[in-house]
Every structure is written in structure tokens, then in C-alpha cells.
file target.txt (compact mmCIF, C-alpha atoms and all ligand atoms)
# COMPACT_ATOMS: atom_id res chain seq x y z
CA MET A 21 0.00 0.00 0.00
CA VAL A 22 1.25 3.50 -0.84
CA LYS A 23 2.23 5.64 2.15
CA ARG A 24 3.93 9.05 2.44
CA PHE A 25 6.96 9.79 0.22
CA ASP A 26 9.30 8.59 2.97
CA GLY A 27 7.07 5.70 4.07
CA ARG A 28 5.61 7.38 7.18
CA GLU A 29 2.02 7.19 8.45
CA TYR A 30 0.01 10.45 8.45
CA ASN A 31 0.64 10.97 12.19
CA GLU A 32 4.26 9.84 12.26
CA LEU A 33 7.08 12.30 13.00
CA ARG A 34 10.42 12.03 11.25
CA LYS A 35 13.18 10.46 13.32
CA ILE A 36 14.08 12.81 16.17
CA ASN A 37 17.70 13.13 17.22
CA ILE A 38 18.75 15.11 20.29
CA LYS A 39 22.25 16.00 21.48
CA LEU A 40 22.72 18.14 24.58
CA ASN A 41 25.42 20.59 25.67
CA VAL A 42 27.49 20.26 22.52
CA ILE A 43 29.23 23.67 22.85
CA ASP A 44 31.59 24.19 25.79
CA ASN A 45 31.50 27.99 25.68
CA ALA A 46 27.71 28.27 25.76
CA LYS A 47 25.69 28.20 28.99
CA GLY A 48 23.37 25.68 27.35
CA SER A 49 23.26 24.19 23.87
CA ALA A 50 21.44 21.52 21.91
CA ILE A 51 21.07 19.90 18.53
CA PHE A 52 17.53 18.89 17.57
CA SER A 53 16.67 17.18 14.31
CA PHE A 54 13.50 16.13 12.55
CA GLY A 55 14.93 13.69 9.99
CA ASP A 56 17.28 15.63 7.70
CA THR A 57 16.41 19.00 9.25
CA VAL A 58 19.07 19.74 11.85
CA ALA A 59 19.08 22.79 14.14
CA LEU A 60 21.80 23.79 16.61
CA ALA A 61 20.98 26.29 19.38
CA ALA A 62 23.37 27.94 21.83
CA VAL A 63 22.38 30.14 24.77
CA TYR A 64 24.63 32.80 26.28
CA GLY A 65 23.57 34.56 29.48
CA PRO A 66 21.74 35.76 31.40
CA LYS A 67 24.30 38.55 31.52
CA PRO A 68 23.82 42.06 32.92
CA SER A 69 22.23 44.39 30.42
CA LYS A 70 24.44 47.31 29.35
CA MET A 71 21.45 49.15 27.99
CA SER A 72 20.55 52.28 29.89
CA LEU A 73 16.84 51.45 29.87
CA ASP A 74 15.58 50.12 33.17
CA TYR A 75 13.92 46.82 32.31
CA ASP A 76 11.80 45.00 34.85
CA LYS A 77 12.43 41.68 33.09
CA ALA A 78 15.20 40.00 31.13
CA PHE A 79 15.59 40.85 27.46
CA LEU A 80 15.55 37.88 25.03
CA ARG A 81 17.44 38.12 21.74
CA VAL A 82 17.22 35.39 19.07
CA ARG A 83 19.25 35.04 15.89
CA TYR A 84 18.24 32.36 13.37
CA ASN A 85 20.71 31.57 10.60
CA MET A 86 20.73 28.98 7.85
CA LEU A 87 24.26 27.88 7.00
CA THR A 88 25.53 28.17 3.43
CA PHE A 89 25.88 24.40 3.06
CA SER A 90 22.53 23.51 4.67
CA THR A 91 20.50 23.45 1.44
CA PRO A 92 20.94 21.66 -1.91
CA GLU A 93 21.41 25.06 -3.57
CA ARG A 94 24.09 27.18 -1.86
CA LYS A 95 22.43 29.58 0.56
CA LYS A 96 23.76 33.18 0.48
CA PRO A 97 25.64 33.77 3.74
CA THR A 98 24.18 37.22 4.36
CA PRO A 99 20.97 37.24 6.43
CA GLY A 100 17.95 38.04 4.28
CA ARG A 101 14.39 39.06 5.05
CA ARG A 102 13.50 35.41 5.81
CA GLU A 103 16.18 35.04 8.52
CA ILE A 104 15.19 38.34 10.15
CA GLU A 105 11.52 37.32 10.19
CA LEU A 106 12.24 33.81 11.50
CA SER A 107 14.43 35.17 14.31
CA GLU A 108 11.45 37.24 15.45
CA VAL A 109 8.98 34.36 14.97
CA ILE A 110 11.12 32.01 17.11
CA LYS A 111 11.62 34.66 19.81
CA ARG A 112 7.87 35.30 20.06
CA ALA A 113 7.16 31.55 20.18
CA LEU A 114 9.58 31.03 23.11
CA GLU A 115 8.94 34.14 25.18
CA PRO A 116 5.53 33.22 26.70
CA ALA A 117 7.08 30.18 28.44
CA LEU A 118 10.02 32.06 29.95
CA LEU A 119 9.81 33.67 33.40
CA LEU A 120 11.84 36.68 32.33
CA GLU A 121 10.62 38.80 35.25
CA GLU A 122 12.63 36.54 37.58
CA ILE A 123 15.91 37.80 36.08
CA PRO A 124 15.38 41.54 35.54
CA GLY A 125 18.09 43.73 34.05
CA SER A 126 19.71 40.92 32.09
CA ILE A 127 20.09 39.81 28.49
CA ILE A 128 19.76 36.27 27.12
CA ASP A 129 21.16 35.58 23.66
CA VAL A 130 19.95 32.57 21.67
CA TYR A 131 21.84 31.71 18.48
CA VAL A 132 20.34 29.15 16.12
CA GLU A 133 22.23 27.67 13.19
CA ILE A 134 20.56 25.37 10.67
CA LEU A 135 23.11 22.71 9.75
CA ASN A 136 20.88 20.91 7.26
CA ALA A 137 17.46 21.91 5.90
CA ASP A 138 14.63 19.69 4.66
CA ALA A 139 11.63 21.85 5.73
CA GLY A 140 10.57 22.58 9.30
CA THR A 141 13.69 24.52 10.27
CA ARG A 142 11.79 27.07 12.37
CA THR A 143 10.08 24.34 14.40
CA ALA A 144 13.32 22.35 14.90
CA SER A 145 14.93 25.67 15.96
CA ILE A 146 12.25 26.21 18.61
CA ASN A 147 12.93 22.75 20.06
CA ALA A 148 16.72 23.18 20.01
CA ALA A 149 16.36 26.62 21.64
CA SER A 150 13.93 25.28 24.27
CA LEU A 151 16.41 22.56 25.21
CA ALA A 152 19.35 24.98 25.29
CA LEU A 153 17.42 27.50 27.43
CA SER A 154 16.48 24.84 29.92
CA LEU A 155 20.09 23.57 30.14
CA ALA A 156 21.24 27.17 30.65
CA GLY A 157 18.98 27.29 33.71
CA ILE A 158 16.70 30.02 32.37
CA PRO A 159 13.51 29.93 34.47
CA MET A 160 10.64 28.60 32.36
CA LYS A 161 7.19 27.18 33.03
CA ASP A 162 7.47 24.47 30.37
CA LEU A 163 9.41 23.53 27.26
CA VAL A 164 8.02 25.13 24.10
CA ILE A 165 7.50 22.54 21.38
CA GLY A 166 7.65 23.36 17.69
CA LEU A 167 6.28 21.13 14.95
CA ALA A 168 4.51 21.43 11.62
CA VAL A 169 1.17 19.97 10.67
CA GLY A 170 -0.62 20.53 7.41
CA LYS A 171 -2.53 19.31 4.45
CA VAL A 172 -0.72 17.61 1.57
CA GLY A 173 -3.14 17.21 -1.31
CA GLU A 174 -6.25 16.21 0.68
CA LYS A 175 -4.47 14.47 3.54
CA ILE A 176 -3.79 15.91 7.02
CA VAL A 177 -0.24 14.99 8.05
CA VAL A 178 2.33 15.87 10.69
CA ASP A 179 5.92 17.10 10.21
CA LEU A 180 6.05 17.81 6.45
CA ASN A 181 9.38 17.33 4.70
CA LYS A 182 10.43 19.50 1.74
CA GLU A 183 9.05 17.08 -0.85
CA GLU A 184 5.64 17.27 0.88
CA GLU A 185 5.78 21.07 1.25
CA ASP A 186 6.32 21.25 -2.52
CA TYR A 187 3.51 18.76 -3.31
CA ASP A 188 1.48 19.48 -6.44
CA SER A 189 -0.66 16.64 -7.83
CA GLU A 190 -0.67 18.24 -11.32
CA LYS A 191 3.12 18.14 -11.52
CA LEU A 192 3.34 14.69 -9.96
CA ARG A 193 0.99 13.24 -12.58
CA LYS A 194 3.69 13.82 -15.21
CA ASP A 195 6.31 11.91 -13.19
CA PRO A 196 6.03 8.13 -13.86
CA GLU A 197 7.94 7.25 -10.67
CA LYS A 198 6.04 9.53 -8.31
CA SER A 199 2.51 9.65 -9.73
CA LYS A 200 1.49 6.68 -7.51
CA TYR A 201 1.65 9.00 -4.49
CA ILE A 202 -1.46 10.85 -5.70
CA GLU A 203 -3.36 7.74 -4.59
CA TYR A 204 -2.24 8.47 -1.00
CA TYR A 205 -2.26 12.28 -0.82
CA GLY A 206 -5.06 13.11 -3.28
CA GLU A 207 -5.45 16.19 -5.46
CA GLY A 208 -4.11 19.70 -4.92
CA ARG A 209 -1.09 21.31 -3.34
CA ALA A 210 0.28 21.57 0.20
CA THR A 211 -0.67 23.78 3.16
CA ASP A 212 2.07 24.02 5.76
CA ILE A 213 1.14 25.04 9.34
CA PRO A 214 4.13 25.50 11.62
CA VAL A 215 3.05 25.78 15.26
CA ALA A 216 4.61 26.14 18.70
CA ILE A 217 2.88 24.82 21.80
CA ILE A 218 3.27 25.06 25.59
CA PRO A 219 2.00 21.52 26.29
CA SER A 220 1.17 21.92 30.01
CA GLU A 221 -1.24 24.76 29.13
CA LYS A 222 -2.30 23.46 25.71
CA LYS A 223 -1.43 26.97 24.55
CA PHE A 224 -0.28 27.82 21.02
CA THR A 225 2.45 30.48 20.92
CA LEU A 226 2.80 30.29 17.13
CA ILE A 227 0.44 29.40 14.30
CA GLN A 228 1.47 30.22 10.74
CA LEU A 229 -0.40 29.06 7.68
CA ASP A 230 0.77 28.95 4.12
CA GLY A 231 -1.96 27.69 1.77
CA GLU A 232 -5.66 26.89 1.99
CA ILE A 233 -7.56 24.76 4.51
CA SER A 234 -11.16 24.46 5.80
CA ASN A 235 -12.09 25.19 9.44
CA ARG A 236 -12.76 21.52 10.11
CA GLU A 237 -9.43 20.43 8.63
CA LEU A 238 -7.58 23.14 10.54
CA ASN A 239 -9.19 21.91 13.75
CA ASP A 240 -8.11 18.33 12.99
CA ALA A 241 -4.56 19.48 12.17
CA LEU A 242 -4.23 21.51 15.39
CA ASN A 243 -5.52 18.61 17.49
CA LEU A 244 -2.95 16.36 15.84
CA ALA A 245 -0.29 18.99 16.67
CA LEU A 246 -1.31 19.00 20.36
CA GLU A 247 -1.10 15.22 20.52
CA LYS A 248 2.31 15.03 18.84
CA ALA A 249 3.71 17.99 20.85
CA LEU A 250 3.25 15.94 24.00
CA GLU A 251 5.19 13.06 22.43
CA ILE A 252 8.07 15.42 21.50
CA LYS A 253 8.03 17.03 24.96
CA ASN A 254 8.31 13.64 26.71
CA LEU A 255 11.26 12.73 24.51
CA MET A 256 12.97 16.08 25.14
CA LYS A 257 12.34 15.83 28.88
CA SER A 258 13.72 12.30 29.15
CA ASN A 259 16.84 13.38 27.23
CA ILE A 260 17.38 16.30 29.62
CA LEU A 261 16.95 14.08 32.69
CA LYS A 262 19.31 11.45 31.29
CA HIS A 263 21.88 14.13 30.46
CA LEU A 264 21.70 15.76 33.89
CA SER A 265 22.00 12.50 35.76
CA SER A 266 24.96 11.33 33.62
CA SER A 267 26.74 14.68 34.14
CA GLY A 268 26.42 14.31 37.91
CA ASN A 269 23.67 16.87 38.46
CA PHE A 270 21.14 15.95 41.10
CA ILE A 271 17.56 15.59 39.85
CA TYR A 272 14.63 16.22 42.14
N1 LIG B 301 14.84 26.45 1.72
C1 LIG B 301 15.95 26.46 0.90
N2 LIG B 301 16.61 27.65 0.70
C2 LIG B 301 16.21 28.83 1.28
C3 LIG B 301 15.07 28.79 2.10
C4 LIG B 301 14.41 27.59 2.30
O1 LIG B 301 16.35 25.42 0.37
O2 LIG B 301 16.84 29.88 1.07
C5 LIG B 301 14.15 25.16 1.95
C6 LIG B 301 14.63 24.48 3.24
O3 LIG B 301 14.60 23.08 3.07
C7 LIG B 301 13.59 24.91 4.23
C8 LIG B 301 12.35 24.82 3.34
O4 LIG B 301 12.77 25.37 2.10
O5 LIG B 301 13.54 24.07 5.35
C9 LIG B 301 11.13 25.53 3.84
O6 LIG B 301 11.45 26.85 4.14
P1 LIG B 301 10.45 27.78 4.94
O7 LIG B 301 10.85 29.19 4.68
O8 LIG B 301 9.05 27.37 4.68
O9 LIG B 301 10.78 27.52 6.50
P2 LIG B 301 10.90 26.19 7.36
O10 LIG B 301 9.87 25.18 6.89
O11 LIG B 301 12.29 25.69 7.17
O12 LIG B 301 10.64 26.64 8.76
call {"tool": "encode", "arguments": {"input": "target.txt", "output": "C-alpha cells"}}
result
Amino acid sequence: MVKRFDGREYNELRKINIKLNVIDNAKGSAIFSFGDTVALAAVYGPKPSKMSLDYDKAFLRVRYNMLTFSTPERKKPTPGRREIELSEVIKRALEPALLLEEIPGSIIDVYVEILNADAGTRTASINAASLALSLAGIPMKDLVIGLAVGKVGEKIVVDLNKEEEDYDSEKLRKDPEKSKYIEYYGEGRATDIPVAIIPSEKKFTLIQLDGEISNRELNDALNLALEKALEIKNLMKSNILKHLSSSGNFIY
């Protein structure tokens, strides 16, 4: 029976890989991957703010960057409009979970580098940053989980890869090797919905939508996102606990 391009079920995430504290000079760091999409996040701070403004909470700065060699076609090294926007999107997705008022007058810098891109880099970045922030000891009420859901053709799926994001049944019909996938996905193109979720509150801190989808389908997709966010959170949490216990830190 035909399944997704890479053989997954509709509700199956790509293989998740997590590596913690990979950078000695950072306060906390992590690599998070969804299949071939690999994000590295490093957190520096909190450090005292040199800005003259008197802030009553810490100031979060996020820089998202996609490395030149991360895509099949060489990516220009200078940050473009996309990188600037994604830095802001990731910052806004993380901020609601952080207790920044507990560390007033300080700055936290989060640097994200995409090592390899196959769609879903902003959501992998959110997970890598969440892990790095927690390892850096930044007070937070929960991990923020990023993942994409969406509609490919007529099918609701989780964690779209690039081939699914680019789905177009009209184009596929002309490809003798790939046309069989229309049987699984159905007609039309793809609608990608990257989201970020605070699982303990079932709160969405990011919903973006590129494409078309009905209210009912959107509801189904967001429910699927909530379910899978919990799965990702449990995996991230168990990795943190394992890392802390193996590095000699006491766990309550
Ligand atoms: N992409 C690329 N070159 C670029 C920008 C994007 O090859 O300059 C690819 C990459 O695989 C990326 C995907 O297009 O993951 C989707 O990009 P999008 O802007 O939708 O963000 P993402 O899904 O990565 O969060």
C-alpha cells in the first residue's frame, strides 16, 4: 500500500535526534533534528544588560541563521528578510514560556544555526532553543514545542518534509515514478502550518499558515499537533533528565 513519500504514516514524526550541551563555551546548547532537518541552538547569558533602559524583566534576543551548506542550492551567507523574520517568529514563540521577570536587568542571547534543511527549520529551531534555554537554567514554566502539521493534497499529516511542502498533484501526474503517491495524498497542493505549543497549558504560541484549509481540517490538524507535541516534549524531557544524571547533576 502507498504511504507518504518517505514511508511514514500520516501521524508519524520524522526520526528525532537530540544532542545536549554540545558547545563548551555556551551556557546551554542543543542539537535537535526532525529527519534531515538539523538545528543547533546555543544560549549565552543571562548577563547584565548594558542598555541604559531600566527593564523590569530579562531581554531575550534570538538570531536564526541557515548555513551556506545547509540546502541543496548554496544559501547566500548574508541574512535576508527570511532570517530576520524567522528570528522574530522564534523569539515570540519562546517568550511566553520564559519567566523573564525573575531575572530583571539581564540579556539572554539565543543563536540558532541550521546545519541541514529539509523543511521545518523554524520548528526544529524552537525545540533546540527550548532545550538549550532549559540547560542554561533560564527559568521557564514548560518547554516550548515546535512542529509542523498541514494538508498535503487532501491528507492531514504531521511534520512535512520538503518534498511534501512542494507537493502538487498536477506536476506529480507527469512523473512516472512519483505519480502513484497521488493515490495516498489526493489532489491539490500543500498547506504548511508550523506551530509552537506550551503543552502543560495546551497553549499555542505560534500558528502560521501557508496555503488553503477548511475550518474543520484546521481543527483536525491543530488537534494532531497538540497530541504530537506531547510526544516530542516527553522525549525532550527524558533526554534532559538522562543528560543531567549522567553529568552528575542531582535531579529532584
Ligand atoms: N529552503 C531552501 N533555501 C532557502 C530557504 C528555504 O532550500 O533559502 C528550503 C529548506 O529546506 C527549508 C524549506 O525550504 O527548510 C522551507 O522553508 P520555509 O521558509 O518554509 O521555512 P521552514 O519550513 O524551514 O521553517
call {"tool": "residues_near_ligand", "arguments": {"input": "target.txt", "ligand": "ligand LIG 301 (chain B)", "cutoff": "9 Å", "atoms": "only C-alpha atoms and all ligand atoms", "output": "NGL selection string"}}
result
:A and (57 or 86 or 90-96 or 100 or 102-103 or 106 or 134 or 136-145 or 168 or 180-182 or 185-186 or 212 or 214 or 230)
call {"tool": "write_last_selection", "arguments": {"input": "target.txt", "atoms": "C-alpha atoms", "output": "PDB file, in the coordinates of the input"}}
result
ATOM      1  CA  THR A  57      16.410  19.000   9.250  1.00  0.00           C
ATOM      2  CA  MET A  86      20.730  28.980   7.850  1.00  0.00           C
ATOM      3  CA  SER A  90      22.530  23.510   4.670  1.00  0.00           C
ATOM      4  CA  THR A  91      20.500  23.450   1.440  1.00  0.00           C
ATOM      5  CA  PRO A  92      20.940  21.660  -1.910  1.00  0.00           C
ATOM      6  CA  GLU A  93      21.410  25.060  -3.570  1.00  0.00           C
ATOM      7  CA  ARG A  94      24.090  27.180  -1.860  1.00  0.00           C
ATOM      8  CA  LYS A  95      22.430  29.580   0.560  1.00  0.00           C
ATOM      9  CA  LYS A  96      23.760  33.180   0.480  1.00  0.00           C
ATOM     10  CA  GLY A 100      17.950  38.040   4.280  1.00  0.00           C
ATOM     11  CA  ARG A 102      13.500  35.410   5.810  1.00  0.00           C
ATOM     12  CA  GLU A 103      16.180  35.040   8.520  1.00  0.00           C
ATOM     13  CA  LEU A 106      12.240  33.810  11.500  1.00  0.00           C
ATOM     14  CA  ILE A 134      20.560  25.370  10.670  1.00  0.00           C
ATOM     15  CA  ASN A 136      20.880  20.910   7.260  1.00  0.00           C
ATOM     16  CA  ALA A 137      17.460  21.910   5.900  1.00  0.00           C
ATOM     17  CA  ASP A 138      14.630  19.690   4.660  1.00  0.00           C
ATOM     18  CA  ALA A 139      11.630  21.850   5.730  1.00  0.00           C
ATOM     19  CA  GLY A 140      10.570  22.580   9.300  1.00  0.00           C
ATOM     20  CA  THR A 141      13.690  24.520  10.270  1.00  0.00           C
ATOM     21  CA  ARG A 142      11.790  27.070  12.370  1.00  0.00           C
ATOM     22  CA  THR A 143      10.080  24.340  14.400  1.00  0.00           C
ATOM     23  CA  ALA A 144      13.320  22.350  14.900  1.00  0.00           C
ATOM     24  CA  SER A 145      14.930  25.670  15.960  1.00  0.00           C
ATOM     25  CA  ALA A 168       4.510  21.430  11.620  1.00  0.00           C
ATOM     26  CA  LEU A 180       6.050  17.810   6.450  1.00  0.00           C
ATOM     27  CA  ASN A 181       9.380  17.330   4.700  1.00  0.00           C
ATOM     28  CA  LYS A 182      10.430  19.500   1.740  1.00  0.00           C
ATOM     29  CA  GLU A 185       5.780  21.070   1.250  1.00  0.00           C
ATOM     30  CA  ASP A 186       6.320  21.250  -2.520  1.00  0.00           C
ATOM     31  CA  ASP A 212       2.070  24.020   5.760  1.00  0.00           C
ATOM     32  CA  PRO A 214       4.130  25.500  11.620  1.00  0.00           C
ATOM     33  CA  ASP A 230       0.770  28.950   4.120  1.00  0.00           C
TER      34      ASP A 230
END
call {"tool": "closest_residue", "arguments": {"input": "target.txt", "among": "A:Ser220, A:Leu87, A:Ser107, A:Leu151", "to": "A:Ile38", "atoms": "all atoms listed in the file"}}
result
A:Leu151
call {"tool": "closest_atom_pairs", "arguments": {"input": "target.txt", "of": "stretch 64-161 of chain A", "to": "stretch 255-258 of chain A", "cutoff": "10 Å", "atoms": "only C-alpha atoms", "output": "CSV"}}
result
residue,atom,partner,partner_atom,distance
A:Asn147,CA,A:Met256,CA,8.4
A:Ala148,CA,A:Met256,CA,9.5
A:Ser150,CA,A:Met256,CA,9.3
A:Leu151,CA,A:Met256,CA,7.3
A:Ser154,CA,A:Lys257,CA,10.0
call {"tool": "closest_residue", "arguments": {"input": "target.txt", "among": "A:Pro219, A:Gly173, A:Pro66, A:Gly231", "to": "A:Gly206", "atoms": "all atoms listed in the file"}}
result
A:Gly173
call {"tool": "closest_residue", "arguments": {"input": "target.txt", "among": "A:Arg83, A:Leu155, A:Asp129, A:Gln228", "to": "A:Val42", "atoms": "all atoms listed in the file"}}
result
A:Leu155
call {"tool": "closest_residue", "arguments": {"input": "target.txt", "among": "A:Ser69, A:Ser126, A:Asn85, A:Ser234", "to": "A:Ile110", "atoms": "all atoms listed in the file"}}
result
A:Asn85
call {"tool": "residues_near_point", "arguments": {"input": "target.txt", "point": "(6.7, 8.3, 10.6)", "cutoff": "12 Å", "atoms": "all atoms listed in the file", "output": "PDB file with C-alpha atoms, keeping the file's coordinate frame"}}
result
ATOM      1  CA  LYS A  23       2.230   5.640   2.150  1.00  0.00           C
ATOM      2  CA  ARG A  24       3.930   9.050   2.440  1.00  0.00           C
ATOM      3  CA  PHE A  25       6.960   9.790   0.220  1.00  0.00           C
ATOM      4  CA  ASP A  26       9.300   8.590   2.970  1.00  0.00           C
ATOM      5  CA  GLY A  27       7.070   5.700   4.070  1.00  0.00           C
ATOM      6  CA  ARG A  28       5.610   7.380   7.180  1.00  0.00           C
ATOM      7  CA  GLU A  29       2.020   7.190   8.450  1.00  0.00           C
ATOM      8  CA  TYR A  30       0.010  10.450   8.450  1.00  0.00           C
ATOM      9  CA  ASN A  31       0.640  10.970  12.190  1.00  0.00           C
ATOM     10  CA  GLU A  32       4.260   9.840  12.260  1.00  0.00           C
ATOM     11  CA  LEU A  33       7.080  12.300  13.000  1.00  0.00           C
ATOM     12  CA  ARG A  34      10.420  12.030  11.250  1.00  0.00           C
ATOM     13  CA  LYS A  35      13.180  10.460  13.320  1.00  0.00           C
ATOM     14  CA  ILE A  36      14.080  12.810  16.170  1.00  0.00           C
ATOM     15  CA  PHE A  54      13.500  16.130  12.550  1.00  0.00           C
ATOM     16  CA  GLY A  55      14.930  13.690   9.990  1.00  0.00           C
ATOM     17  CA  VAL A 177      -0.240  14.990   8.050  1.00  0.00           C
ATOM     18  CA  VAL A 178       2.330  15.870  10.690  1.00  0.00           C
ATOM     19  CA  ASP A 179       5.920  17.100  10.210  1.00  0.00           C
ATOM     20  CA  LEU A 180       6.050  17.810   6.450  1.00  0.00           C
ATOM     21  CA  ASN A 181       9.380  17.330   4.700  1.00  0.00           C
ATOM     22  CA  LYS A 248       2.310  15.030  18.840  1.00  0.00           C
TER      23      LYS A 248
END
call {"tool": "atom_distance", "arguments": {"input": "target.txt", "atom1": "atom CA of A:Val169", "atom2": "atom CA of A:Glu247"}}
result
11.2 Å
call {"tool": "atom_distance", "arguments": {"input": "target.txt", "atom1": "atom CA of A:Phe89", "atom2": "atom CA of A:Val130"}}
result
21.2 Å
call {"tool": "atom_distance", "arguments": {"input": "target.txt", "atom1": "atom CA of A:Gly166", "atom2": "atom CA of A:Ile260"}}
result
16.9 Å
call {"tool": "residues_near_point", "arguments": {"input": "target.txt", "point": "(21.1, 37.7, 28.4)", "cutoff": "9 Å", "atoms": "all atoms listed in the file", "output": "PyMOL selection string"}}
result
chain A and resi 63-69+78-81+125-130
call {"tool": "closest_residue", "arguments": {"input": "target.txt", "among": "A:Ser267, A:Ser49, A:Asn239, A:Thr211", "to": "A:Leu153", "atoms": "all atoms listed in the file"}}
result
A:Ser49
call {"tool": "closest_residue", "arguments": {"input": "target.txt", "among": "A:Arg209, A:Lys175, A:Lys253, A:Pro116", "to": "A:Leu238", "atoms": "all atoms listed in the file"}}
result
A:Lys175
call {"tool": "build_atoms", "arguments": {"input": "target.txt", "residues": "stretch 85-107 of chain A", "atoms": "N, CA and C atoms", "output": "short mmCIF file (atom, residue, chain, number, x, y, z; two decimals), in the frame of the given file"}}
result
data_model
loop_
_atom_site.label_atom_id
_atom_site.label_comp_id
_atom_site.auth_asym_id
_atom_site.auth_seq_id
_atom_site.Cartn_x
_atom_site.Cartn_y
_atom_site.Cartn_z
N ASN A 85 19.89 31.50 11.81
CA ASN A 85 20.71 31.57 10.60
C ASN A 85 20.75 30.21 9.92
N MET A 86 20.64 30.23 8.59
CA MET A 86 20.73 28.98 7.85
C MET A 86 22.10 28.94 7.19
N LEU A 87 22.89 27.92 7.49
CA LEU A 87 24.26 27.88 7.00
C LEU A 87 24.30 27.66 5.48
N THR A 88 25.35 28.20 4.88
CA THR A 88 25.53 28.17 3.43
C THR A 88 25.38 26.77 2.84
N PHE A 89 25.89 25.77 3.58
CA PHE A 89 25.88 24.40 3.06
C PHE A 89 24.66 23.59 3.50
N SER A 90 23.66 24.26 4.09
CA SER A 90 22.53 23.51 4.67
C SER A 90 21.47 23.12 3.65
N THR A 91 21.53 23.71 2.45
CA THR A 91 20.50 23.45 1.44
C THR A 91 21.14 22.91 0.16
N PRO A 92 20.37 22.20 -0.68
CA PRO A 92 20.94 21.66 -1.91
C PRO A 92 21.55 22.76 -2.79
N GLU A 93 20.86 23.92 -2.82
CA GLU A 93 21.41 25.06 -3.57
C GLU A 93 22.07 25.99 -2.58
N ARG A 94 23.34 26.36 -2.82
CA ARG A 94 24.09 27.18 -1.86
C ARG A 94 23.26 28.37 -1.36
N LYS A 95 23.19 28.49 -0.04
CA LYS A 95 22.43 29.58 0.56
C LYS A 95 23.37 30.77 0.74
N LYS A 96 22.92 31.97 0.31
CA LYS A 96 23.76 33.18 0.48
C LYS A 96 24.06 33.37 1.96
N PRO A 97 25.32 33.66 2.31
CA PRO A 97 25.64 33.77 3.74
C PRO A 97 25.06 34.99 4.45
N THR A 98 24.73 36.02 3.70
CA THR A 98 24.18 37.22 4.36
C THR A 98 22.73 36.98 4.80
N PRO A 99 22.35 37.45 6.00
CA PRO A 99 20.97 37.24 6.43
C PRO A 99 20.00 38.04 5.57
N GLY A 100 18.96 37.38 5.11
CA GLY A 100 17.95 38.04 4.28
C GLY A 100 16.72 38.34 5.11
N ARG A 101 15.66 38.74 4.40
CA ARG A 101 14.39 39.06 5.05
C ARG A 101 13.84 37.86 5.82
N ARG A 102 14.02 36.65 5.21
CA ARG A 102 13.50 35.41 5.81
C ARG A 102 14.15 35.15 7.18
N GLU A 103 15.47 35.29 7.26
CA GLU A 103 16.18 35.04 8.52
C GLU A 103 15.75 36.05 9.60
N ILE A 104 15.59 37.30 9.19
CA ILE A 104 15.19 38.34 10.15
C ILE A 104 13.79 38.02 10.69
N GLU A 105 12.89 37.64 9.78
CA GLU A 105 11.52 37.32 10.19
C GLU A 105 11.50 36.09 11.10
N LEU A 106 12.25 35.05 10.71
CA LEU A 106 12.24 33.81 11.50
C LEU A 106 12.85 34.01 12.88
N SER A 107 13.86 34.87 12.99
CA SER A 107 14.43 35.17 14.31
C SER A 107 13.34 35.72 15.22
#
